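File shown: data_16.cif. Contents: mmCIF, C-alpha atoms.
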```cif
data_protein
loop_
_atom_site.label_atom_id
_atom_site.label_comp_id
_atom_site.auth_asym_id
_atom_site.auth_seq_id
_atom_site.Cartn_x
_atom_site.Cartn_y
_atom_site.Cartn_z
CA MET A 3 -46.77 26.33 124.29
CA LEU A 4 -45.11 23.28 122.79
CA ASN A 5 -42.48 23.82 120.12
CA TYR A 6 -43.61 21.68 117.20
CA ASN A 7 -41.04 20.72 114.58
CA THR A 8 -42.64 19.29 111.45
CA LEU A 9 -39.31 17.78 110.39
CA HIS A 10 -39.65 15.27 113.20
CA CYS A 11 -42.74 13.84 111.48
CA LEU A 12 -41.13 13.41 108.06
CA PRO A 13 -39.58 10.07 107.09
CA SER A 14 -35.81 9.78 106.79
CA SER A 15 -33.98 8.73 103.65
CA ALA A 16 -33.50 5.28 105.18
CA GLU A 17 -37.30 4.86 105.40
CA LEU A 18 -38.07 6.04 101.86
CA PRO A 19 -37.89 4.02 98.62
CA ASP A 20 -34.64 4.84 96.84
CA SER A 21 -36.03 4.68 93.25
CA ASP A 22 -39.24 4.12 91.34
CA ASP A 23 -37.98 0.68 90.20
CA THR A 24 -38.48 1.67 86.55
CA PRO A 25 -35.83 -0.03 84.40
CA VAL A 26 -33.90 2.07 81.90
CA ASP A 27 -34.69 1.52 78.21
CA ASN A 28 -31.08 1.53 77.02
CA GLU A 29 -27.58 1.79 78.39
CA LEU A 30 -27.14 5.39 77.22
CA GLN A 31 -29.37 6.45 80.12
CA ILE A 32 -26.60 5.19 82.40
CA LEU A 33 -23.50 5.90 80.30
CA ILE A 34 -24.27 9.58 79.57
CA PRO A 35 -24.79 10.60 83.23
CA ASN A 36 -21.77 8.55 84.29
CA LEU A 37 -19.60 10.38 81.76
CA LEU A 38 -20.77 13.74 83.12
CA LEU A 39 -20.07 12.56 86.67
CA ALA A 40 -16.59 11.32 85.74
CA ILE A 41 -15.71 14.73 84.31
CA LEU A 42 -17.09 16.52 87.38
CA VAL A 43 -14.97 14.33 89.65
CA ASN A 44 -11.96 15.36 87.61
CA ILE A 45 -12.56 19.13 87.44
CA TRP A 46 -14.07 19.54 90.92
CA GLN A 47 -11.78 17.12 92.74
CA LYS A 48 -10.86 19.78 95.33
CA ARG A 49 -14.49 20.65 96.07
CA ASP A 50 -16.80 18.80 98.43
CA ASP A 51 -19.86 21.07 98.17
CA TRP A 52 -21.64 19.29 95.33
CA PHE A 53 -23.53 16.09 94.62
CA PHE A 54 -24.41 14.44 91.31
CA GLY A 55 -27.14 11.82 91.53
CA ILE A 56 -27.98 9.24 88.87
CA ASN A 57 -31.42 7.59 88.70
CA MET A 58 -31.98 8.56 92.34
CA GLY A 59 -35.23 9.57 93.99
CA VAL A 60 -35.60 13.24 94.93
CA TYR A 61 -38.07 13.75 97.78
CA TYR A 62 -39.40 17.28 98.23
CA ALA A 63 -42.65 16.79 100.20
CA GLY A 64 -43.51 14.17 102.77
CA SER A 65 -46.87 13.44 101.17
CA LYS A 66 -45.63 13.11 97.58
CA PRO A 67 -43.68 10.37 95.81
CA ALA A 68 -40.14 11.01 94.70
CA ILE A 69 -39.19 12.53 91.39
CA VAL A 70 -36.50 10.40 89.74
CA PRO A 71 -34.45 12.27 87.11
CA ASP A 72 -31.97 10.40 84.97
CA ALA A 73 -29.41 12.64 86.69
CA PHE A 74 -29.28 15.80 88.77
CA LEU A 75 -26.70 18.18 90.21
CA SER A 76 -26.92 19.94 93.57
CA LEU A 77 -24.59 22.65 94.86
CA GLY A 78 -24.02 23.75 98.44
CA VAL A 79 -24.53 20.26 99.88
CA GLU A 80 -22.11 17.64 101.16
CA ARG A 81 -20.66 15.47 98.45
CA PHE A 82 -20.35 12.46 100.74
CA VAL A 83 -22.93 11.57 103.39
CA GLY A 84 -22.15 8.69 105.69
CA GLU A 85 -20.10 5.62 104.90
CA ASN A 86 -22.59 4.22 102.39
CA GLY A 87 -23.65 7.49 100.76
CA ARG A 88 -27.16 8.64 99.98
CA SER A 89 -29.92 6.20 99.11
CA SER A 90 -32.17 9.11 98.09
CA TYR A 91 -31.93 12.88 97.92
CA VAL A 92 -34.31 14.17 100.59
CA LEU A 93 -34.79 17.93 100.70
CA TRP A 94 -35.49 18.11 104.41
CA GLU A 95 -32.16 16.38 105.03
CA GLU A 96 -30.33 18.73 102.63
CA ASP A 97 -31.24 22.05 104.31
CA GLY A 98 -34.05 22.45 101.78
CA ILE A 99 -31.61 22.80 98.86
CA PRO A 100 -33.14 21.51 95.61
CA PRO A 101 -31.01 20.35 92.70
CA ILE A 102 -29.83 23.20 90.50
CA LEU A 103 -29.94 21.03 87.37
CA ALA A 104 -31.95 18.01 86.26
CA LEU A 105 -31.19 15.88 83.22
CA GLU A 106 -33.64 13.69 81.33
CA ILE A 107 -32.51 11.43 78.47
CA VAL A 108 -35.31 10.67 76.02
CA SER A 109 -35.46 6.93 75.49
CA GLN A 110 -37.48 4.63 73.25
CA THR A 111 -40.35 4.83 75.72
CA TYR A 112 -41.52 8.43 75.89
CA ASN A 113 -41.96 9.56 79.49
CA TYR A 114 -43.37 13.08 79.03
CA GLU A 115 -39.98 14.76 79.37
CA TYR A 116 -41.25 17.81 77.45
CA GLU A 117 -44.55 18.19 79.31
CA GLN A 118 -45.28 16.82 82.80
CA LYS A 119 -41.67 16.59 83.94
CA LYS A 120 -41.16 20.25 83.08
CA LEU A 121 -44.03 21.10 85.41
CA ASP A 122 -42.67 18.83 88.15
CA TYR A 123 -39.16 20.27 88.03
CA ALA A 124 -40.47 23.83 87.91
CA GLU A 125 -42.54 23.14 91.04
CA LEU A 126 -39.44 21.79 92.72
CA GLY A 127 -37.53 24.96 91.81
CA ILE A 128 -34.80 23.33 89.71
CA LEU A 129 -33.07 26.19 87.89
CA TYR A 130 -31.91 24.29 84.80
CA TYR A 131 -33.73 21.47 83.07
CA VAL A 132 -31.77 19.62 80.38
CA ILE A 133 -33.44 17.27 77.88
CA TYR A 134 -31.28 15.19 75.56
CA ALA A 135 -32.54 12.88 72.82
CA PRO A 136 -29.51 10.73 71.87
CA THR A 137 -31.24 8.27 69.56
CA ARG A 138 -34.33 9.94 68.15
CA LEU A 139 -35.99 13.31 67.82
CA ARG A 140 -39.58 14.32 68.27
CA ARG A 141 -41.05 16.78 65.79
CA LYS A 142 -39.94 20.39 66.27
CA ARG A 143 -37.50 19.39 69.01
CA GLN A 144 -33.77 19.95 69.18
CA ARG A 145 -31.52 17.06 70.11
CA LEU A 146 -30.36 19.00 73.18
CA GLU A 147 -32.65 21.47 74.93
CA VAL A 148 -31.62 23.44 78.01
CA TYR A 149 -34.29 25.36 79.90
CA ARG A 150 -33.80 27.99 82.61
CA LEU A 151 -36.47 28.67 85.20
CA VAL A 152 -37.66 32.29 84.99
CA ASN A 153 -40.59 33.43 87.17
CA GLY A 154 -41.77 29.84 87.57
CA GLU A 155 -41.62 29.02 83.85
CA TYR A 156 -38.93 27.23 81.85
CA ILE A 157 -37.43 29.29 79.02
CA LEU A 158 -35.49 27.49 76.28
CA GLN A 159 -31.91 28.76 76.07
CA PRO A 160 -30.46 29.34 72.59
CA GLY A 161 -27.31 27.68 71.30
CA ASP A 162 -25.62 24.28 71.16
CA LYS A 163 -23.38 24.96 74.17
CA ILE A 164 -25.23 26.61 77.02
CA TRP A 165 -23.28 28.49 79.70
CA MET A 166 -24.92 28.28 83.14
CA PRO A 167 -23.33 30.97 85.36
CA GLU A 168 -25.04 29.78 88.53
CA VAL A 169 -23.47 26.36 88.02
CA GLY A 170 -20.13 27.65 86.78
CA LEU A 171 -20.28 25.24 83.84
CA GLY A 172 -21.63 24.98 80.35
CA ILE A 173 -23.24 21.91 78.84
CA GLY A 174 -23.30 20.78 75.22
CA ARG A 175 -23.02 17.84 72.85
CA GLU A 176 -20.03 16.68 70.83
CA GLN A 177 -18.53 13.62 69.19
CA GLY A 178 -16.14 11.77 71.46
CA THR A 179 -15.07 8.39 72.77
CA TYR A 180 -16.09 7.03 76.14
CA GLN A 181 -15.46 3.48 77.33
CA GLY A 182 -14.35 2.61 73.81
CA ARG A 183 -17.57 3.84 72.20
CA THR A 184 -17.34 6.70 69.70
CA ARG A 185 -20.55 8.69 69.29
CA GLU A 186 -22.12 11.96 70.36
CA TRP A 187 -21.99 12.54 74.11
CA LEU A 188 -22.91 15.30 76.54
CA TYR A 189 -19.97 17.22 77.98
CA TRP A 190 -19.25 20.06 80.39
CA TYR A 191 -17.66 23.25 79.00
CA ASP A 192 -15.93 26.29 80.44
CA GLU A 193 -17.13 29.85 79.94
CA ASN A 194 -15.15 30.14 76.70
CA GLY A 195 -16.76 27.06 75.20
CA ASN A 196 -13.79 24.77 75.77
CA ARG A 197 -14.74 21.19 76.54
CA TYR A 198 -13.50 19.62 79.77
CA SER A 199 -11.60 16.40 79.22
CA THR A 200 -12.09 13.08 80.93
CA GLN A 201 -9.28 11.51 82.94
CA GLU A 202 -8.87 8.92 80.18
CA GLU A 203 -8.40 11.67 77.59
CA GLU A 204 -5.88 13.49 79.77
CA LEU A 205 -3.94 10.25 80.23
CA GLN A 206 -3.95 9.55 76.51
CA ALA A 207 -2.73 13.10 75.82
CA LEU A 208 0.07 12.66 78.35
CA LEU A 209 1.15 9.37 76.79
CA ALA A 210 1.15 10.96 73.35
CA ARG A 211 3.38 13.80 74.58
CA LEU A 212 5.79 11.34 76.14
CA GLN A 213 5.96 9.26 72.99
CA ALA A 214 6.52 12.39 70.90
CA ARG A 215 9.57 13.10 73.06
CA GLY A 216 10.84 9.57 72.63
CA ILE A 217 10.06 8.61 76.24
CA ASP A 218 8.78 5.12 76.98
CA PRO A 219 5.97 5.53 79.58
CA ASN A 220 6.74 2.04 80.93
CA THR A 221 10.13 3.25 82.12
CA LEU A 222 8.68 5.98 84.36
#
```
Whole structure given in structure tokens:
Amino acid sequence: MLNYNTLHCLPSSAELPDSDDTPVDNELQILIPNLLLAILVNIWQKRDDWFFGINMGVYYAGSKPAIVPDAFLSLGVERFVGENGRSSYVLWEEDGIPPILALEIVSQTYNYEYEQKKLDYAELGILYYVIYAPTRLRRKRQRLEVYRLVNGEYILQPGDKIWMPEVGLGIGREQGTYQGRTREWLYWYDENGNRYSTQEEELQALLARLQARGIDPNTL
């Protein structure tokens, strides 16, 4: 009897489209995920078992088109793949590991973040689904909603800062400054609700401490 491996019949990431070519509605859809990634790089700099994708196709079945979250986080996978990195996140190339978290940022054009995408991500088995509306709210919706998958159904988690033990991080919203822009952003938090800083914030804090001691940073 021949040993038949279905993986041999599935396309590779190099053969698959790397996005759905849908342009973002505003720059916050790029800035918010990039801020989260920058903080992850800072706090998980000694880890290489995670990957954070931004506007990247996630392929989970050879016969279905990719799902393209605004951002997603996977654990237990290689952070860097090849010299050029991933063009798409393909489950059959990632030992079948789905993302543990998906993020959708509600833009001016509504893309069914609260309905169809919840069904899609539940089918994929994504444990946490995060929806953030930075510029507008729909009726009866919170600005930040974090759902946890329980028995195949997403359950809204209470609170403004949600601790996710399986991720080892919390997520929440707070006023801050990123790339010179002061507004509300999404941030990662520790188990005690303390916000993780960006590298820029840590540098600014260091400079302030030096100046308070009468030390000129330019002399170091």
Translate the PyMOL selection byres ((chain A and resi 178) around 12), as applied to the file shown, into an explicit residue set as a PyMOL selection string.
chain A and resi 34+37+175-177+179-189+197-200+202-203
Distance CA of Glu96 in chain A-CA of Val79 in chain A, one decimal place?
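Between CA of Glu96 in chain A and CA of Val79 in chain A the gap is 6.6 Å.
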Name the residues in contact with range 97-111 of chain A at a cut-off of 7 Å, using all atoms listed in the file, excluding same-chain residues fewer than 3 positions from it; report them as a short mmCIF file (atom, residue, chain, number, x, y, z; two decimals) with C-alpha atoms, keeping the file's coordinate frame.
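Listing of around_27.cif after writing:
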```
data_model
loop_
_atom_site.label_atom_id
_atom_site.label_comp_id
_atom_site.auth_asym_id
_atom_site.auth_seq_id
_atom_site.Cartn_x
_atom_site.Cartn_y
_atom_site.Cartn_z
CA ASP A 27 -34.69 1.52 78.21
CA GLN A 31 -29.37 6.45 80.12
CA PRO A 71 -34.45 12.27 87.11
CA ASP A 72 -31.97 10.40 84.97
CA ALA A 73 -29.41 12.64 86.69
CA PHE A 74 -29.28 15.80 88.77
CA LEU A 75 -26.70 18.18 90.21
CA SER A 76 -26.92 19.94 93.57
CA LEU A 77 -24.59 22.65 94.86
CA LEU A 93 -34.79 17.93 100.70
CA TRP A 94 -35.49 18.11 104.41
CA GLU A 115 -39.98 14.76 79.37
CA LEU A 126 -39.44 21.79 92.72
CA GLY A 127 -37.53 24.96 91.81
CA ILE A 128 -34.80 23.33 89.71
CA LEU A 129 -33.07 26.19 87.89
CA TYR A 130 -31.91 24.29 84.80
CA TYR A 131 -33.73 21.47 83.07
CA VAL A 132 -31.77 19.62 80.38
CA ILE A 133 -33.44 17.27 77.88
CA TYR A 134 -31.28 15.19 75.56
CA ALA A 135 -32.54 12.88 72.82
#
```
I'd like the interatomic distance between CA of Asn44 in chain A and CA of Ile32 in chain A, to a tenth of an Å.
18.6 Å
Pairwise distance for CA of Leu146 in chain A and CA of Gln206 in chain A, rounded to one decimal in Å
28.2 Å
